[in-house]
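Novice: Okay, here's the structure, questions in a sec.
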Amino acid sequence: MDMVRVENVSIKFRLMTDHITGIKETIIAKAKGKLKYHEFWALNDVSFSVEKGEVLGIVGHNGAGKSTVLKIIAGIMKPNSGKVYLGGNVVPMLELGSGFDYDLTGRENIFLNGAILGYSKEFLYEKYDEILAFSELGEFIDNPIRNYSSGMLMRLAFSIATIVQPEILICDEVLAVGDERFQAKSYKKMMELMNGGATVLFVSHNIDQIKNMCKHVVWLDHGQVKMTGDAETVCNAYREWLYRPEEG
């Protein structure tokens with residue numbers, strides 16, 4: 001049974017061709033009718049499916065469309081054409097901490113970010129000690145997060161995002177969080193979620209990580225599916241492509 005099915009999904013963006021850096025310049029150029037754009041297809045007729053309980057890896061170079069397809073599956077973006085079918089609730093772990101308010105404390109942001117992710121206040125109260133323990137923030141939890149290091153922010157965000165057992169988990173480079181020890185801890189947590197029956201879509205630039213964690217892999221190239229198949233075969237082909245000799 002498919003838990004996620006992506007059918008012929010395409011999305012395009014309009015990019016300005018002029019080198020305009022400020023809002024004022026943009027407004028003036030638009031008023032004069034001098035703004036020039038070109039259309040960029042971030043995804044073009046992309047299709048794949050993920051079975052219940054499967055871990056699917058997505059690989060590709062920067063700008064290949066990996067994060068875009070995850071955002072469409074999560075409902076953050078709407079495609080120009082095509083459809084996405086979901087067979088369960090989705091927990092997106094994309095831009096960790098994107099819902100944080102930097103003037104609030106870590107404690108307050110647990111409830112703010114948790115609410116954005118759809119958790120009830122009662123549930124967050126119940127899980128508060130677990131979140132705090134996993135984040136390892138200790139007494140810093142009552143400091144404004146504007147004083148946190150980037151590693152502390154990501155540890156807090158990861159701890160909030162992984163307190164539930166989702167049916168569908170969408171992950172974009174989330175295992176690059178914190179120092180090496182916390183990354184190992186995060187990896188163990190992710191494996192627990194995966195072994196608990198979650199259907200997972202996983203993006204990472206770490207090919208060995210993809211091979212170890214995923215059953216099947218989709219390789220995206222310039223917004224299109226270049227190859228799909230078992231993790232070993234696709235990852236080996238992608239790695240060979242990455243390290244191909246320079247032409248000329």
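Chain labels follow the order of the structure tokens: the first chain is A, the next B, and so on; residue numbering restarts at 1 in every chain, and ligands are counted from 1 in their shown order.
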Mind checking which residues fall within 9 Å of stretch 113-119 of chain A, counting only C-alpha atoms, ignoring those fewer than 3 positions away in the same chain, and posting them as a list in words?

Specialist: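 Contacts, with the query itself left out: Val91, Pro92, Gly97, Ser98, Gly99, Phe100, Asp101, Glu108, Asn109, Ile110, Glu122, Phe123, Leu124, Ala157, Ile160 and Ala161 of chain A.
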
Novice: Next, the residues of the selection above should be written as a tab-separated table (two decimals), in the first residue's frame with C-alpha atoms.

Specialist:
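Output saved as again_4.tsv:
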chain	number	residue	atom	x	y	z
A	91	VAL	CA	5.46	15.58	10.21
A	92	PRO	CA	7.86	17.73	8.16
A	97	GLY	CA	13.46	26.14	13.91
A	98	SER	CA	11.82	28.20	11.18
A	99	GLY	CA	8.89	28.92	13.53
A	100	PHE	CA	11.03	30.19	16.41
A	101	ASP	CA	10.63	33.66	17.92
A	108	GLU	CA	8.35	29.49	25.35
A	109	ASN	CA	9.50	28.41	21.90
A	110	ILE	CA	8.79	24.78	22.72
A	122	GLU	CA	-1.55	19.59	26.88
A	123	PHE	CA	0.63	17.26	24.82
A	124	LEU	CA	3.57	19.68	24.98
A	157	ALA	CA	14.21	22.26	17.06
A	160	ILE	CA	10.53	19.30	19.42
A	161	ALA	CA	10.04	17.82	15.95

Novice: Quick one: everything within 9 Å of A:Gln224, counting only C-alpha atoms, minus sequence neighbours fewer than 4 positions away in the same chain. Send it as a list in words.

Specialist: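 The neighbour list is Ala42, Leu43, Asn44, Asp45, Val46, Ser47, Ala64, Gly65, Trp219 and Leu220 of chain A.
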
Novice: Identify which of the residues A:Arg239, A:Arg107, A:Arg244, A:Lys188 lies closest to A:Ile145, counting only C-alpha atoms when measuring atom-to-atom distances.

Specialist: A:Arg107

Novice: From stretch 41-222 of chain A, collect each residue whose DSSP state is alpha helix (DSSP H) and return the set as a ChimeraX atom specification.

Specialist: /A:66-73,106-116,121-135,150-161,180-195,207-213

Novice: Got a sec to tell me which of stretch 16-208 of chain A DSSP assigns to strand (DSSP E), as an NGL selection string?

Specialist: :A and (16 or 37-51 or 55-59 or 81-86 or 90-93 or 168-172 or 199-203)

Novice: Rounded to one decimal in Å, what is the spacing between atom CA of A:Asn89 and atom CA of A:Glu126?

Specialist: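 Between atom CA of A:Asn89 and atom CA of A:Glu126 the gap works out to 20.7 Å.
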
Novice: As a PyMOL selection string, please: the residues near A:Leu169 (cut-off 12 Å, only C-alpha atoms, same-chain neighbours under 3 positions excluded).

Specialist: chain A and resi 3-4+50+52-57+70+73-74+86-94+161-166+172+174+190-191+193-194+196-203

Novice: Store the residues of this selection in a file with N, CA and C atoms, as a compact mmCIF listing (two decimals), in the first residue's frame.

Specialist:
# COMPACT_ATOMS: atom_id res chain seq x y z
N MET A 3 1.86 4.92 0.84
CA MET A 3 1.56 5.96 1.82
C MET A 3 1.76 7.34 1.22
N VAL A 4 2.66 7.42 0.23
CA VAL A 4 2.91 8.67 -0.49
C VAL A 4 2.97 8.35 -1.97
N VAL A 50 5.91 5.79 -2.37
CA VAL A 50 6.58 5.25 -1.19
C VAL A 50 5.59 4.34 -0.47
N LYS A 52 4.05 1.89 2.58
CA LYS A 52 3.92 2.04 4.02
C LYS A 52 5.12 1.41 4.73
N GLY A 53 5.73 2.19 5.63
CA GLY A 53 6.87 1.70 6.39
C GLY A 53 8.20 1.76 5.67
N GLU A 54 8.19 2.24 4.43
CA GLU A 54 9.43 2.30 3.65
C GLU A 54 10.20 3.58 3.95
N VAL A 55 11.53 3.51 3.82
CA VAL A 55 12.38 4.70 3.93
C VAL A 55 12.93 4.98 2.53
N LEU A 56 12.49 6.08 1.93
CA LEU A 56 12.92 6.46 0.59
C LEU A 56 13.93 7.59 0.66
N GLY A 57 15.07 7.40 0.04
CA GLY A 57 16.07 8.45 -0.04
C GLY A 57 15.91 9.27 -1.31
N LEU A 70 9.94 17.91 -1.35
CA LEU A 70 9.54 17.65 0.04
C LEU A 70 8.53 18.69 0.51
N ILE A 73 5.14 17.87 -0.93
CA ILE A 73 4.53 16.74 -0.21
C ILE A 73 4.01 17.19 1.15
N ALA A 74 4.76 18.09 1.81
CA ALA A 74 4.36 18.58 3.14
C ALA A 74 3.23 19.59 3.07
N LEU A 86 -1.56 11.30 0.01
CA LEU A 86 -0.97 10.93 1.30
C LEU A 86 -1.90 9.98 2.04
N GLY A 87 -1.32 8.96 2.67
CA GLY A 87 -2.12 7.97 3.38
C GLY A 87 -2.04 8.09 4.89
N GLY A 88 -1.56 9.23 5.40
CA GLY A 88 -1.45 9.41 6.84
C GLY A 88 -1.00 10.81 7.20
N ASN A 89 -0.87 11.06 8.50
CA ASN A 89 -0.46 12.38 8.94
C ASN A 89 1.02 12.60 8.67
N VAL A 90 1.38 13.84 8.35
CA VAL A 90 2.74 14.18 7.94
C VAL A 90 3.40 15.06 9.00
N VAL A 91 4.64 14.71 9.38
CA VAL A 91 5.46 15.58 10.21
C VAL A 91 6.66 16.00 9.36
N PRO A 92 6.72 17.28 8.96
CA PRO A 92 7.86 17.73 8.16
C PRO A 92 9.00 18.22 9.03
N MET A 93 10.19 17.70 8.78
CA MET A 93 11.40 18.19 9.43
C MET A 93 12.27 18.79 8.32
N LEU A 94 11.92 20.02 7.96
CA LEU A 94 12.58 20.66 6.84
C LEU A 94 13.51 21.76 7.33
N ALA A 161 10.60 18.46 17.15
CA ALA A 161 10.04 17.82 15.95
C ALA A 161 9.92 16.31 16.08
N THR A 162 10.73 15.69 16.93
CA THR A 162 10.76 14.22 16.97
C THR A 162 10.07 13.61 18.19
N ILE A 163 9.20 14.37 18.85
CA ILE A 163 8.56 13.82 20.05
C ILE A 163 7.34 12.96 19.74
N VAL A 164 6.93 12.92 18.49
CA VAL A 164 5.77 12.09 18.13
C VAL A 164 6.21 10.94 17.23
N GLN A 165 5.33 9.97 17.08
CA GLN A 165 5.55 8.88 16.14
C GLN A 165 4.66 9.14 14.93
N PRO A 166 5.20 9.82 13.92
CA PRO A 166 4.38 10.18 12.77
C PRO A 166 4.13 8.98 11.85
N ASP A 172 14.86 16.70 5.78
CA ASP A 172 15.79 17.35 4.86
C ASP A 172 17.05 17.73 5.62
N VAL A 174 18.44 16.69 8.27
CA VAL A 174 18.25 16.93 9.70
C VAL A 174 19.31 16.27 10.57
N MET A 190 16.31 8.90 14.91
CA MET A 190 15.71 8.71 13.60
C MET A 190 15.49 7.23 13.31
N MET A 191 16.44 6.40 13.67
CA MET A 191 16.30 4.96 13.44
C MET A 191 15.15 4.39 14.26
N LEU A 193 12.41 6.03 15.05
CA LEU A 193 11.20 6.43 14.35
C LEU A 193 10.95 5.55 13.14
N MET A 194 12.03 5.28 12.40
CA MET A 194 11.89 4.45 11.20
C MET A 194 11.50 3.02 11.55
N GLY A 196 9.88 2.14 14.04
CA GLY A 196 8.54 2.16 14.63
C GLY A 196 7.43 2.11 13.60
N GLY A 197 7.79 2.01 12.33
CA GLY A 197 6.78 1.87 11.29
C GLY A 197 6.49 3.12 10.50
N ALA A 198 7.21 4.21 10.77
CA ALA A 198 6.98 5.45 10.02
C ALA A 198 7.42 5.29 8.58
N THR A 199 6.68 5.91 7.68
CA THR A 199 7.09 6.02 6.28
C THR A 199 7.93 7.28 6.17
N VAL A 200 9.14 7.16 5.62
CA VAL A 200 10.09 8.27 5.69
C VAL A 200 10.59 8.65 4.30
N LEU A 201 10.62 9.96 4.05
CA LEU A 201 11.30 10.51 2.87
C LEU A 201 12.49 11.29 3.40
N PHE A 202 13.67 10.92 2.91
CA PHE A 202 14.91 11.37 3.54
C PHE A 202 15.86 11.96 2.52
N VAL A 203 16.22 13.23 2.70
CA VAL A 203 17.20 13.90 1.84
C VAL A 203 18.49 14.11 2.61

Novice: Rank nothing, just name the residue among A:Ala237, A:Leu104, A:Met227, A:Met154 nearest to A:Gln183, using only C-alpha atoms.

Specialist: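 Once distances to A:Gln183 are computed over only C-alpha atoms, the minimum belongs to A:Met154.
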
Novice: Taking only C-alpha atoms into account, name the residue in A:Met152, A:Cys214, A:Ile58, A:Ile168 that is nearest to A:Glu136.

Specialist: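 Closest residue, counting only C-alpha atoms: A:Met152.
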
Novice: Which is closest to A:Arg5 among A:Val84, A:Ile131, A:Ile141, A:Leu156, if we use only C-alpha atoms?

Specialist: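 Once distances to A:Arg5 are computed over only C-alpha atoms, the minimum belongs to A:Val84.
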
Novice: Using atom CA of A:His216 and atom CA of A:Phe40 as the two end points, give the distance in Å to one decimal.

Specialist: 28.2 Å

Novice: Any idea what the distance is between atom CA of A:Tyr148 and atom CA of A:Thr105?

Specialist: 9.8 Å

Novice: Given only C-alpha atoms as the basis, pick out the residue of A:Lys78, A:Val59, A:Glu167, A:Val6 nearest to A:Asp208.

Specialist: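 Once distances to A:Asp208 are computed over only C-alpha atoms, the minimum belongs to A:Val59.
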